[in-house]
$ cat model.txt   # compact mmCIF, C-alpha atoms
# COMPACT_ATOMS: atom_id res chain seq x y z
CA MET A 1 -141.60 -44.27 131.46
CA ALA A 2 -139.43 -44.56 128.35
CA ILE A 3 -136.12 -46.42 128.25
CA ASP A 4 -133.54 -44.42 130.21
CA ARG A 5 -130.21 -45.60 128.76
CA LYS A 6 -128.08 -43.71 131.22
CA ARG A 7 -129.92 -45.17 134.19
CA ILE A 8 -129.64 -48.71 132.84
CA ILE A 9 -125.93 -48.33 132.08
CA ASP A 10 -125.29 -46.76 135.50
CA ALA A 11 -127.14 -49.52 137.30
CA LEU A 12 -125.93 -52.55 135.36
CA SER A 13 -122.31 -51.48 134.99
CA ARG A 14 -122.18 -51.44 138.79
CA VAL A 15 -123.36 -55.03 139.14
CA GLN A 16 -120.60 -56.58 141.18
CA VAL A 17 -118.73 -59.07 139.01
CA SER A 18 -117.06 -61.29 141.53
CA ALA A 19 -116.45 -64.99 141.44
CA ASP A 20 -117.85 -67.37 144.02
CA ASP A 21 -115.67 -69.77 146.04
CA TYR A 22 -115.37 -71.99 142.97
CA GLY A 23 -114.15 -69.28 140.61
CA LEU A 24 -117.49 -69.07 138.81
CA ILE A 25 -119.68 -66.00 138.21
CA PRO A 26 -123.37 -66.92 137.89
CA ALA A 27 -125.50 -63.91 136.77
CA PHE A 28 -128.20 -63.05 134.21
CA ASN A 29 -129.15 -66.76 133.93
CA VAL A 30 -125.68 -67.61 132.56
CA PHE A 31 -122.14 -68.15 133.80
CA VAL A 32 -120.27 -64.89 133.20
CA ASN A 33 -116.56 -64.51 132.54
CA GLN A 34 -114.39 -61.42 132.33
CA LEU A 35 -111.45 -62.09 130.03
CA PRO A 36 -108.98 -59.61 128.55
CA CYS A 37 -110.26 -57.93 125.39
CA SER A 38 -106.88 -58.74 123.85
CA PHE A 39 -107.68 -62.45 124.14
CA TRP A 40 -110.86 -62.22 122.06
CA ASN A 41 -109.35 -59.79 119.58
CA SER A 42 -106.20 -61.84 119.08
CA PHE A 43 -108.16 -64.98 118.27
CA ALA A 44 -110.42 -63.26 115.73
CA GLU A 45 -107.63 -61.25 114.12
CA ARG A 46 -105.09 -64.08 113.88
CA LEU A 47 -107.76 -66.46 112.57
CA THR A 48 -108.99 -64.10 109.86
CA ARG A 49 -105.47 -63.04 108.85
CA GLN A 50 -104.01 -66.56 108.79
CA VAL A 51 -106.64 -68.28 106.65
CA GLY A 52 -105.81 -66.27 103.53
CA PRO A 53 -108.05 -64.11 101.33
CA GLU A 54 -109.90 -67.02 99.74
CA MET A 55 -111.08 -68.34 103.11
CA LEU A 56 -111.59 -64.99 104.81
CA GLU A 57 -115.34 -64.93 104.25
CA ALA A 58 -115.72 -68.41 105.75
CA ALA A 59 -113.67 -67.48 108.83
CA GLU A 60 -115.64 -64.26 109.30
CA TRP A 61 -118.92 -66.16 108.98
CA LEU A 62 -117.82 -68.53 111.76
CA LEU A 63 -117.00 -65.63 114.09
CA VAL A 64 -120.24 -63.77 113.35
CA ASP A 65 -122.28 -66.95 113.71
CA ALA A 66 -120.73 -67.69 117.11
CA ALA A 67 -121.71 -64.18 118.22
CA ARG A 68 -125.19 -64.50 116.71
CA THR A 69 -125.82 -67.75 118.59
CA CYS A 70 -124.43 -66.30 121.80
CA GLY A 71 -126.39 -63.06 121.38
CA TYR A 72 -129.63 -64.95 120.80
CA HIS A 73 -129.41 -67.21 123.84
CA THR A 74 -127.62 -64.81 126.18
CA GLY A 75 -129.87 -61.97 125.02
CA TYR A 76 -132.88 -64.06 125.98
CA GLY A 77 -131.21 -64.91 129.29
CA ILE A 78 -130.66 -61.22 129.95
CA ILE A 79 -134.18 -60.04 129.13
CA THR A 80 -135.69 -62.74 131.34
CA SER A 81 -133.28 -62.25 134.26
CA GLU A 82 -134.13 -60.81 137.66
CA GLU A 83 -131.55 -58.07 137.07
CA TRP A 84 -133.38 -57.00 133.89
CA LYS A 85 -136.81 -57.16 135.53
CA ALA A 86 -135.61 -54.96 138.38
CA VAL A 87 -133.82 -52.30 136.35
CA VAL A 88 -135.24 -52.26 132.80
CA GLY A 89 -138.64 -53.89 133.29
CA PRO A 90 -140.38 -50.84 134.80
CA MET A 91 -139.26 -48.68 131.83
CA ILE A 92 -140.81 -50.87 129.13
CA GLU A 93 -143.94 -49.48 127.51
CA LYS A 94 -143.71 -50.55 123.88
CA VAL A 95 -142.89 -54.17 123.14
CA PRO A 96 -140.59 -55.24 121.57
CA GLU A 97 -139.05 -51.87 120.61
CA ASP A 98 -138.32 -50.75 124.18
CA ILE A 99 -136.83 -54.18 124.91
CA LEU A 100 -134.45 -53.72 121.98
CA HIS A 101 -133.37 -50.27 123.15
CA GLY A 102 -132.91 -51.64 126.67
CA ALA A 103 -130.88 -54.57 125.37
CA PHE A 104 -128.40 -52.20 123.71
CA ALA A 105 -128.07 -50.31 126.99
CA VAL A 106 -127.14 -53.62 128.67
CA PHE A 107 -124.82 -54.35 125.73
CA THR A 108 -123.10 -51.06 126.58
CA ALA A 109 -123.01 -51.71 130.33
CA TRP A 110 -121.29 -55.05 129.80
CA GLY A 111 -118.48 -53.35 127.90
CA TRP A 112 -119.31 -54.97 124.56
CA ALA A 113 -119.77 -51.65 122.74
CA LYS A 114 -120.85 -48.12 123.57
CA SER A 115 -123.74 -48.44 121.20
CA GLU A 116 -127.28 -47.36 120.47
CA ILE A 117 -130.00 -47.86 117.90
CA ILE A 118 -130.21 -44.87 115.60
CA GLU A 119 -132.86 -46.21 113.24
CA LEU A 120 -135.51 -48.85 113.76
CA VAL A 121 -138.16 -49.90 111.28
CA PRO A 122 -140.09 -52.52 113.24
CA ASN A 123 -139.79 -56.03 111.86
CA GLU A 124 -137.67 -54.79 108.93
CA ARG A 125 -134.49 -52.87 109.59
CA MET A 126 -132.29 -51.59 112.38
CA VAL A 127 -129.17 -49.42 112.30
CA VAL A 128 -126.83 -49.46 115.30
CA ARG A 129 -123.92 -47.14 115.93
CA ALA A 130 -121.03 -47.98 118.22
CA TYR A 131 -118.88 -45.09 119.39
CA ASP A 132 -116.33 -47.19 121.28
CA TYR A 133 -115.88 -50.96 121.11
CA TYR A 134 -113.10 -53.33 122.04
CA GLU A 135 -113.08 -55.05 118.65
CA SER A 136 -111.69 -51.83 117.13
CA ASP A 137 -108.53 -52.28 119.26
CA VAL A 138 -107.10 -54.63 116.62
CA VAL A 139 -105.59 -51.50 115.08
CA THR A 140 -103.37 -49.18 117.11
CA PHE A 141 -101.85 -47.40 114.11
CA GLY A 142 -103.35 -46.59 110.72
CA ARG A 143 -106.50 -48.16 109.30
CA SER A 144 -107.48 -51.80 108.99
CA THR A 145 -108.15 -53.19 105.54
CA LYS A 146 -111.28 -54.93 106.83
CA PRO A 147 -113.95 -54.33 109.48
CA SER A 148 -113.39 -56.47 112.57
CA ALA A 149 -116.47 -56.14 114.79
CA TYR A 150 -117.67 -59.71 114.33
CA MET A 151 -119.17 -59.91 117.81
CA ILE A 152 -121.26 -56.76 117.41
CA THR A 153 -122.38 -57.84 113.93
CA GLY A 154 -123.62 -61.21 115.18
CA VAL A 155 -125.27 -59.85 118.31
CA CYS A 156 -127.14 -57.12 116.38
CA ALA A 157 -128.64 -59.77 114.10
CA ALA A 158 -129.51 -61.93 117.11
CA PHE A 159 -131.22 -59.14 119.04
CA MET A 160 -133.38 -58.31 116.01
CA GLY A 161 -134.24 -62.03 115.77
CA LEU A 162 -135.27 -62.05 119.41
CA ALA A 163 -137.48 -59.02 118.86
CA TYR A 164 -139.14 -59.93 115.56
CA GLY A 165 -138.15 -63.51 114.68
CA GLY A 166 -140.96 -65.17 116.59
CA GLU A 167 -141.09 -67.01 119.88
CA TYR A 168 -137.74 -67.79 121.50
CA ASP A 169 -136.44 -71.12 120.28
CA PRO A 170 -134.01 -72.83 122.69
CA ALA A 171 -132.63 -74.74 119.72
CA GLY A 172 -131.94 -71.58 117.75
CA GLY A 173 -133.24 -72.36 114.32
CA ALA A 174 -135.16 -70.03 112.00
CA ALA A 175 -135.95 -67.35 114.61
CA MET A 176 -132.28 -66.90 115.40
CA ARG A 177 -131.44 -66.59 111.72
CA ALA A 178 -134.36 -64.38 110.70
CA PHE A 179 -132.10 -61.34 110.32
CA ASP A 180 -128.62 -60.66 108.95
CA CYS A 181 -126.29 -57.81 109.82
CA VAL A 182 -123.55 -56.06 107.86
CA GLN A 183 -120.90 -53.80 109.36
CA THR A 184 -120.81 -50.73 107.09
CA LYS A 185 -118.38 -48.55 109.06
CA GLY A 186 -115.65 -49.21 111.59
CA ILE A 187 -113.42 -47.24 113.91
CA GLU A 188 -110.71 -49.78 113.02
CA CYS A 189 -111.16 -48.70 109.37
CA GLY A 190 -110.75 -45.01 110.14
CA ASP A 191 -114.44 -44.09 110.56
CA GLU A 192 -115.65 -42.05 113.54
CA TYR A 193 -117.89 -44.88 114.69
CA GLY A 194 -118.89 -48.38 113.83
CA GLU A 195 -122.18 -48.83 112.02
CA PHE A 196 -124.23 -52.00 111.72
CA VAL A 197 -127.21 -52.47 109.43
CA VAL A 198 -129.64 -55.30 110.19
CA THR A 199 -132.20 -56.47 107.63
CA ARG A 200 -134.38 -59.52 107.06
CA ALA A 201 -132.35 -62.57 105.99
CA GLN A 202 -132.70 -63.21 102.28
CA ASN A 203 -133.02 -67.00 102.39
CA MET B 1 -93.10 -77.68 159.08
CA ALA B 2 -93.84 -73.98 158.74
CA VAL B 3 -97.34 -73.06 157.59
CA ARG B 4 -97.26 -70.84 154.52
CA THR B 5 -99.61 -67.88 154.32
CA LYS B 6 -101.37 -67.54 150.99
CA THR B 7 -100.58 -64.34 149.11
CA GLU B 8 -103.83 -62.56 148.30
CA ILE B 9 -104.32 -60.96 144.91
CA VAL B 10 -105.23 -57.28 144.71
CA LEU B 11 -108.11 -56.83 142.27
CA GLU B 12 -108.96 -53.41 140.89
CA GLN B 13 -112.17 -53.61 138.87
CA ARG B 14 -113.24 -50.40 137.18
CA PHE B 15 -115.85 -49.20 134.71
CA ASP B 16 -114.97 -46.19 132.58
CA PRO B 17 -118.29 -44.40 132.02
CA ARG B 18 -116.90 -42.33 129.14
CA ALA B 19 -115.76 -45.24 126.97
CA CYS B 20 -118.09 -47.77 128.66
CA ARG B 21 -115.26 -50.22 129.18
CA HIS B 22 -114.46 -52.49 132.10
CA SER B 23 -110.93 -53.06 133.33
CA LEU B 24 -109.33 -55.51 135.72
CA ASN B 25 -106.00 -54.43 137.18
CA GLY B 26 -105.54 -51.85 134.43
CA ARG B 27 -106.29 -54.18 131.50
CA ASP B 28 -109.48 -53.87 129.46
CA VAL B 29 -111.74 -56.86 130.01
CA VAL B 30 -115.15 -57.66 128.65
CA LEU B 31 -117.99 -59.59 130.19
CA HIS B 32 -119.07 -62.56 128.13
CA CYS B 33 -120.83 -65.77 129.08
CA HIS B 34 -120.44 -69.53 128.83
CA HIS B 35 -122.37 -69.51 125.53
CA PHE B 36 -119.73 -67.32 123.88
CA VAL B 37 -116.83 -69.32 125.33
CA SER B 38 -118.47 -72.59 124.27
CA LEU B 39 -119.12 -71.27 120.75
CA TYR B 40 -115.55 -70.01 120.28
CA THR B 41 -114.29 -73.33 121.62
CA GLN B 42 -116.56 -75.20 119.21
CA LEU B 43 -115.39 -72.93 116.39
CA ALA B 44 -111.77 -73.77 117.25
CA ASP B 45 -112.58 -77.47 117.51
CA ASP B 46 -114.47 -77.67 114.22
CA CYS B 47 -112.38 -75.25 112.17
CA ALA B 48 -110.96 -76.95 109.09
CA LEU B 49 -109.22 -73.79 107.90
CA LEU B 50 -106.26 -74.14 110.27
CA ASP B 51 -105.33 -75.55 113.70
CA ALA B 52 -107.64 -73.22 115.61
CA LYS B 53 -107.45 -75.27 118.83
CA ARG B 54 -103.78 -74.44 118.99
CA LEU B 55 -104.53 -70.83 118.02
CA LEU B 56 -107.05 -70.47 120.85
CA ALA B 57 -104.54 -71.90 123.34
CA GLU B 58 -101.80 -69.59 122.04
CA VAL B 59 -103.85 -66.39 122.31
CA ALA B 60 -104.84 -67.43 125.85
CA GLU B 61 -101.19 -68.07 126.67
CA ASP B 62 -100.22 -64.64 125.34
CA ALA B 63 -103.05 -62.67 126.97
CA PHE B 64 -102.94 -64.30 130.41
CA GLY B 65 -99.16 -64.69 130.50
CA ALA B 66 -98.73 -60.96 129.86
CA ALA B 67 -101.33 -60.05 132.51
CA LEU B 68 -99.59 -62.22 135.12
CA ALA B 69 -96.07 -61.03 134.25
CA ASP B 70 -97.25 -57.40 134.58
CA TYR B 71 -98.84 -58.13 137.93
CA TYR B 72 -95.69 -59.80 139.29
CA ALA B 73 -93.55 -56.86 138.18
CA GLN B 74 -95.92 -54.19 139.51
CA HIS B 75 -96.45 -55.85 142.88
CA GLY B 76 -92.96 -57.27 143.39
CA ILE B 77 -94.13 -60.89 143.49
CA ASN B 78 -90.95 -62.92 143.26
CA SER B 79 -91.33 -66.35 144.86
CA ILE B 80 -92.70 -69.21 142.80
CA ALA B 81 -95.28 -70.11 145.44
CA ASP B 82 -96.55 -66.53 145.65
CA ARG B 83 -96.72 -66.30 141.86
CA PHE B 84 -98.86 -69.44 141.64
CA ASP B 85 -101.11 -68.10 144.42
CA ILE B 86 -101.71 -64.95 142.38
CA ALA B 87 -102.22 -66.86 139.12
CA THR B 88 -104.85 -69.23 140.48
CA GLN B 89 -106.74 -66.34 142.10
CA TYR B 90 -106.57 -64.40 138.83
CA TYR B 91 -107.98 -67.45 137.01
CA ALA B 92 -110.89 -67.48 139.48
CA ALA B 93 -111.40 -63.71 139.23
CA CYS B 94 -111.85 -64.14 135.48
CA GLY B 95 -114.65 -66.59 136.24
CA LEU B 96 -112.75 -69.50 134.70
CA GLY B 97 -112.97 -71.80 137.72
CA ARG B 98 -110.98 -73.18 140.59
CA MET B 99 -107.45 -74.30 139.82
CA HIS B 100 -104.87 -76.09 142.00
CA VAL B 101 -101.20 -76.31 141.05
CA ARG B 102 -100.16 -79.73 142.34
CA CYS B 103 -96.47 -79.46 141.54
CA ALA B 104 -94.14 -77.36 139.42
CA GLY B 105 -90.48 -77.18 138.55
CA PRO B 106 -88.37 -75.70 135.76
CA ASP B 107 -89.08 -78.73 133.54
CA SER B 108 -92.51 -80.01 134.47
CA GLY B 109 -95.65 -79.60 136.48
CA SER B 110 -99.17 -80.76 137.15
CA VAL B 111 -102.37 -78.75 137.52
CA GLU B 112 -105.90 -79.79 138.53
CA LEU B 113 -109.19 -78.06 137.92
CA GLU B 114 -111.78 -78.55 140.63
CA ARG B 115 -114.33 -76.44 138.73
CA SER B 116 -114.21 -75.24 135.15
CA HIS B 117 -116.22 -72.53 133.38
CA VAL B 118 -115.26 -73.96 129.98
CA ASP B 119 -116.08 -77.61 130.74
CA GLU B 120 -119.22 -76.92 132.74
CA GLY B 121 -120.41 -74.35 130.21
CA TRP B 122 -119.92 -76.90 127.42
CA ILE B 123 -121.83 -79.56 129.37
CA ALA B 124 -124.66 -77.11 130.10
CA LYS B 125 -124.91 -76.30 126.40
CA TRP B 126 -124.22 -79.61 124.67
CA GLY B 127 -123.56 -82.31 127.28
CA GLN B 128 -120.50 -84.44 127.89
CA ARG B 129 -118.04 -85.52 125.21
CA PRO B 130 -114.99 -87.80 125.19
CA GLU B 131 -112.43 -85.27 123.94
CA PRO B 132 -111.13 -82.29 125.95
CA VAL B 133 -112.46 -78.82 125.15
CA ASN B 134 -110.51 -76.61 127.52
CA PHE B 135 -108.03 -75.07 125.08
CA ILE B 136 -108.33 -71.73 126.90
CA THR B 137 -107.10 -73.20 130.18
CA GLN B 138 -104.40 -75.14 128.34
CA GLY B 139 -103.13 -71.75 127.13
CA PHE B 140 -103.63 -70.11 130.52
CA ILE B 141 -101.45 -72.75 132.15
CA GLY B 142 -98.74 -72.36 129.50
CA GLY B 143 -98.75 -68.60 130.07
CA MET B 144 -98.83 -69.06 133.84
CA PHE B 145 -95.81 -71.39 133.87
CA ALA B 146 -93.86 -69.08 131.56
CA ALA B 147 -94.68 -66.02 133.70
CA VAL B 148 -93.98 -67.79 136.99
CA MET B 149 -90.66 -69.21 135.79
CA GLY B 150 -89.65 -66.03 133.96
CA ARG B 151 -89.53 -67.81 130.60
CA PRO B 152 -90.81 -66.66 127.19
CA PRO B 153 -94.16 -67.82 125.74
CA ARG B 154 -94.25 -71.37 124.26
CA SER B 155 -91.65 -72.57 126.78
CA PHE B 156 -94.01 -75.24 128.08
CA ARG B 157 -96.19 -77.84 126.40
CA VAL B 158 -99.49 -78.42 128.22
CA SER B 159 -101.59 -81.58 127.77
CA GLU B 160 -105.02 -82.21 129.23
CA THR B 161 -105.10 -85.81 130.45
CA ALA B 162 -108.44 -85.92 132.29
CA SER B 163 -111.45 -83.72 131.68
CA ILE B 164 -114.55 -82.66 133.56
CA VAL B 165 -116.32 -82.46 130.19
CA SER B 166 -115.68 -86.20 129.76
CA GLY B 167 -117.05 -87.12 133.16
CA ALA B 168 -113.88 -86.92 135.26
CA GLU B 169 -114.32 -85.49 138.75
CA ARG B 170 -111.45 -83.08 138.05
CA SER B 171 -109.58 -81.99 134.96
CA LEU B 172 -105.85 -82.72 134.95
CA PHE B 173 -103.14 -80.97 132.95
CA GLU B 174 -99.55 -82.18 132.61
CA ILE B 175 -96.87 -79.62 131.81
CA VAL B 176 -93.44 -80.25 130.33
CA ALA B 177 -90.73 -77.81 129.22
CA GLN B 178 -89.95 -77.75 125.50
$ encode --input "model.txt" --output "structure tokens"
Amino acid sequence: MAIDRKRIIDALSRVQVSADDYGLIPAFNVFVNQLPCSFWNSFAERLTRQVGPEMLEAAEWLLVDAARTCGYHTGYGIITSEEWKAVVGPMIEKVPEDILHGAFAVFTAWGWAKSEIIELVPNERMVVRAYDYYESDVVTFGRSTKPSAYMITGVCAAFMGLAYGGEYDPAGGAAMRAFDCVQTKGIECGDEYGEFVVTRAQN
Amino acid sequence: MAVRTKTEIVLEQRFDPRACRHSLNGRDVVLHCHHFVSLYTQLADDCALLDAKRLLAEVAEDAFGAALADYYAQHGINSIADRFDIATQYYAACGLGRMHVRCAGPDSGSVELERSHVDEGWIAKWGQRPEPVNFITQGFIGGMFAAVMGRPPRSFRVSETASIVSGAERSLFEIVAQ
């Protein structure tokens, strides 16, 4: 059985997200939260717009790195969770490629981005397209002067690191930083979709 | 003394299969985890570019304050007690923890956290630390007080005076009008 994106999205988007008596949501080996998209977007947009052009790259790096670190550890938590084993596990034939495709189906089900891998050269390069993503909501009129999908950029790099960066390292380290990602298109910039190109890190 | 009945929040959680987006009571929400919250909190704490701790609290105040004010208007929630009931249940529905409003008035208030996603997530990731980390809840409380009292954002200053992340049994926030 190959990866059935629709089935994964159907199943995992229905996972009941409800807090326990203490207001906590344990699932997928992590504590989950469901916060307004506007909260995350406002922080990233105000941060990157307030620091000024000379510090923009540094601010963007911080946001992408937070997402990369989250994507690496949470991605590992997801692909080792009972929920994953029950829904995605039986579909996996080719490792790690099927795991990567499955991970982007989960990525979609969680509401991070309606995204899929459109090109994958194992251990070298991956191109991801996102057809709808909350980070594009920073613009409601016109076109942004910069791409804003820092979370997707970081998580794409992290997922590639999980697949081809070597054994999972709880401390992060080289495996987590084995790949870099660049956002080459963005809905917020007027493109039809967001596009994310992941390649081996240069240093 | 009459026993007050708690006002229960109405939660409408939906997934739009076309856009693949989740919503809670008509507002787009996204599922993230304690790693992401901890990393954004660390980013805010470490950021030398500007006062990002304040920025994180302010965006929380804006986002949650607007969500609560909308809810009160749509559901006709008018009493202060009912509004706090709704706010603390909304905080829990977001997965942020269990909050108790100990007292509140037009000029001040006090809030306790029995459980905290932000503090406990931080401890799970990096362990305890002496300084507070819960800038998101600081902002939530500022937005909550503004929405409950019908005041604009930044009407209240919120200070965290005891923290679960520092080993306290409960986090404590003191609120004062400004």
$ interface_residues --input "model.txt" --of "chain B" --to "chain A" --cutoff "7 Å" --atoms "all atoms listed in the file" --output "compact mmCIF listing (two decimals) with C-alpha atoms, keeping the file's coordinate frame"
# COMPACT_ATOMS: atom_id res chain seq x y z
CA PHE B 15 -115.85 -49.20 134.71
CA ALA B 19 -115.76 -45.24 126.97
CA CYS B 20 -118.09 -47.77 128.66
CA ARG B 21 -115.26 -50.22 129.18
CA HIS B 22 -114.46 -52.49 132.10
CA ARG B 27 -106.29 -54.18 131.50
CA ASP B 28 -109.48 -53.87 129.46
CA VAL B 29 -111.74 -56.86 130.01
CA VAL B 30 -115.15 -57.66 128.65
CA LEU B 31 -117.99 -59.59 130.19
CA HIS B 32 -119.07 -62.56 128.13
CA CYS B 33 -120.83 -65.77 129.08
CA HIS B 34 -120.44 -69.53 128.83
CA HIS B 35 -122.37 -69.51 125.53
CA PHE B 36 -119.73 -67.32 123.88
CA LEU B 39 -119.12 -71.27 120.75
CA TYR B 40 -115.55 -70.01 120.28
CA LEU B 43 -115.39 -72.93 116.39
CA LEU B 49 -109.22 -73.79 107.90
CA LEU B 50 -106.26 -74.14 110.27
CA LEU B 55 -104.53 -70.83 118.02
CA LEU B 56 -107.05 -70.47 120.85
CA VAL B 59 -103.85 -66.39 122.31
CA ALA B 60 -104.84 -67.43 125.85
CA ALA B 63 -103.05 -62.67 126.97
CA ALA B 92 -110.89 -67.48 139.48
CA ALA B 93 -111.40 -63.71 139.23
CA CYS B 94 -111.85 -64.14 135.48
CA GLY B 95 -114.65 -66.59 136.24
CA LEU B 96 -112.75 -69.50 134.70
CA GLY B 97 -112.97 -71.80 137.72
CA ARG B 98 -110.98 -73.18 140.59
CA ARG B 115 -114.33 -76.44 138.73
CA HIS B 117 -116.22 -72.53 133.38
$ residues_around --input "model.txt" --residues "region 2-9 of chain B" --least-positions-apart "5" --cutoff "8 Å" --atoms "all atoms listed in the file" --output "mmCIF file with C-alpha atoms, keeping the file's coordinate frame"
data_model
loop_
_atom_site.group_PDB
_atom_site.id
_atom_site.type_symbol
_atom_site.label_atom_id
_atom_site.label_comp_id
_atom_site.auth_asym_id
_atom_site.auth_seq_id
_atom_site.Cartn_x
_atom_site.Cartn_y
_atom_site.Cartn_z
ATOM 1 C CA ASP B 82 -96.550 -66.530 145.650
ATOM 2 C CA ASP B 85 -101.110 -68.100 144.420
ATOM 3 C CA ILE B 86 -101.710 -64.950 142.380
ATOM 4 C CA GLN B 89 -106.740 -66.340 142.100
ATOM 5 C CA TYR B 90 -106.570 -64.400 138.830
#
$ atom_distance --input "model.txt" --atom1 "CA of Gly142 (chain B)" --atom2 "CA of Val158 (chain B)"
6.2 Å
$ residues_around --input "model.txt" --residues "region 69-81 of chain B" --least-positions-apart "3" --cutoff "7 Å" --atoms "all atoms listed in the file" --output "list in words"
Gly65, Ala66, Phe84, Asp85, Ala147 and Val148 of chain B
$ closest_residue --input "model.txt" --among "A:Tyr76, A:Phe159, A:Tyr164, A:Phe141" --to "Ile117 (chain A)" --atoms "all atoms listed in the file"
A:Phe159
$ residues_around --input "model.txt" --residues "Thr161 (chain B)" --least-positions-apart "4" --cutoff "9 Å" --atoms "only C-alpha atoms" --output "PDB file with C-alpha atoms, keeping the file's coordinate frame"
ATOM      1  CA  PRO B 132    -111.130 -82.290 125.950  1.00  0.00           C
ATOM      2  CA  SER B 171    -109.580 -81.990 134.960  1.00  0.00           C
ATOM      3  CA  LEU B 172    -105.850 -82.720 134.950  1.00  0.00           C
ATOM      4  CA  PHE B 173    -103.140 -80.970 132.950  1.00  0.00           C
ATOM      5  CA  GLU B 174     -99.550 -82.180 132.610  1.00  0.00           C
TER       6      GLU B 174
END
$ atom_distance --input "model.txt" --atom1 "CA of Ile99 (chain A)" --atom2 "CA of Gly121 (chain B)"
26.5 Å
$ atom_distance --input "model.txt" --atom1 "CA of Glu169 (chain B)" --atom2 "CA of Glu131 (chain B)"
14.9 Å
$ closest_residue --input "model.txt" --among "A:Val15, A:Glu119, A:Ile79, A:Ser148" --to "Ile92 (chain A)" --atoms "all atoms listed in the file"
A:Ile79
$ closest_residue --input "model.txt" --among "B:Leu24, B:Val165, B:Leu68, B:Ile141" --to "Ala124 (chain B)" --atoms "only C-alpha atoms"
B:Val165
$ residues_around --input "model.txt" --residues "Gly142 (chain A)" --least-positions-apart "4" --cutoff "12 Å" --atoms "only C-alpha atoms" --output "VMD selection string"
chain A and resid 136 to 138 187 to 191
$ closest_residue --input "model.txt" --among "B:Ala146, B:Ile175, B:Ile164, B:Ala52" --to "Ser108 (chain B)" --atoms "all atoms listed in the file"
B:Ile175
$ build_atoms --input "model.txt" --residues "region 25-40 of chain A" --atoms "N, CA and C atoms" --output "PDB file, in the frame of the given file"
ATOM      1  N   ILE A  25    -118.911 -67.238 138.054  1.00  0.00           N
ATOM      2  CA  ILE A  25    -119.680 -66.000 138.210  1.00  0.00           C
ATOM      3  C   ILE A  25    -121.077 -66.216 137.628  1.00  0.00           C
ATOM      4  N   PRO A  26    -122.007 -66.753 138.417  1.00  0.00           N
ATOM      5  CA  PRO A  26    -123.370 -66.920 137.890  1.00  0.00           C
ATOM      6  C   PRO A  26    -124.135 -65.592 137.962  1.00  0.00           C
ATOM      7  N   ALA A  27    -124.691 -65.143 136.824  1.00  0.00           N
ATOM      8  CA  ALA A  27    -125.500 -63.910 136.770  1.00  0.00           C
ATOM      9  C   ALA A  27    -126.265 -63.895 135.468  1.00  0.00           C
ATOM     10  N   PHE A  28    -127.388 -63.195 135.428  1.00  0.00           N
ATOM     11  CA  PHE A  28    -128.200 -63.050 134.210  1.00  0.00           C
ATOM     12  C   PHE A  28    -128.557 -64.402 133.594  1.00  0.00           C
ATOM     13  N   ASN A  29    -128.787 -65.409 134.403  1.00  0.00           N
ATOM     14  CA  ASN A  29    -129.150 -66.760 133.930  1.00  0.00           C
ATOM     15  C   ASN A  29    -128.036 -67.458 133.149  1.00  0.00           C
ATOM     16  N   VAL A  30    -126.813 -66.968 133.241  1.00  0.00           N
ATOM     17  CA  VAL A  30    -125.680 -67.610 132.560  1.00  0.00           C
ATOM     18  C   VAL A  30    -124.482 -67.633 133.514  1.00  0.00           C
ATOM     19  N   PHE A  31    -123.411 -68.295 133.097  1.00  0.00           N
ATOM     20  CA  PHE A  31    -122.140 -68.150 133.800  1.00  0.00           C
ATOM     21  C   PHE A  31    -121.339 -67.088 133.065  1.00  0.00           C
ATOM     22  N   VAL A  32    -120.979 -66.026 133.791  1.00  0.00           N
ATOM     23  CA  VAL A  32    -120.270 -64.890 133.200  1.00  0.00           C
ATOM     24  C   VAL A  32    -118.768 -65.118 133.325  1.00  0.00           C
ATOM     25  N   ASN A  33    -118.013 -64.575 132.382  1.00  0.00           N
ATOM     26  CA  ASN A  33    -116.560 -64.510 132.540  1.00  0.00           C
ATOM     27  C   ASN A  33    -116.114 -63.105 132.208  1.00  0.00           C
ATOM     28  N   GLN A  34    -114.957 -62.722 132.708  1.00  0.00           N
ATOM     29  CA  GLN A  34    -114.390 -61.420 132.330  1.00  0.00           C
ATOM     30  C   GLN A  34    -112.941 -61.652 131.906  1.00  0.00           C
ATOM     31  N   LEU A  35    -112.767 -61.778 130.589  1.00  0.00           N
ATOM     32  CA  LEU A  35    -111.450 -62.090 130.030  1.00  0.00           C
ATOM     33  C   LEU A  35    -110.895 -60.849 129.344  1.00  0.00           C
ATOM     34  N   PRO A  36    -109.573 -60.782 129.209  1.00  0.00           N
ATOM     35  CA  PRO A  36    -108.980 -59.610 128.550  1.00  0.00           C
ATOM     36  C   PRO A  36    -109.514 -59.446 127.133  1.00  0.00           C
ATOM     37  N   CYS A  37    -109.808 -58.204 126.768  1.00  0.00           N
ATOM     38  CA  CYS A  37    -110.260 -57.930 125.390  1.00  0.00           C
ATOM     39  C   CYS A  37    -109.221 -58.429 124.397  1.00  0.00           C
ATOM     40  N   SER A  38    -107.955 -58.330 124.763  1.00  0.00           N
ATOM     41  CA  SER A  38    -106.880 -58.740 123.850  1.00  0.00           C
ATOM     42  C   SER A  38    -106.993 -60.224 123.495  1.00  0.00           C
ATOM     43  N   PHE A  39    -107.514 -61.021 124.417  1.00  0.00           N
ATOM     44  CA  PHE A  39    -107.680 -62.450 124.140  1.00  0.00           C
ATOM     45  C   PHE A  39    -108.664 -62.671 122.991  1.00  0.00           C
ATOM     46  N   TRP A  40    -109.836 -62.037 123.102  1.00  0.00           N
ATOM     47  CA  TRP A  40    -110.860 -62.220 122.060  1.00  0.00           C
ATOM     48  C   TRP A  40    -110.388 -61.640 120.735  1.00  0.00           C
TER      49      TRP A  40
END
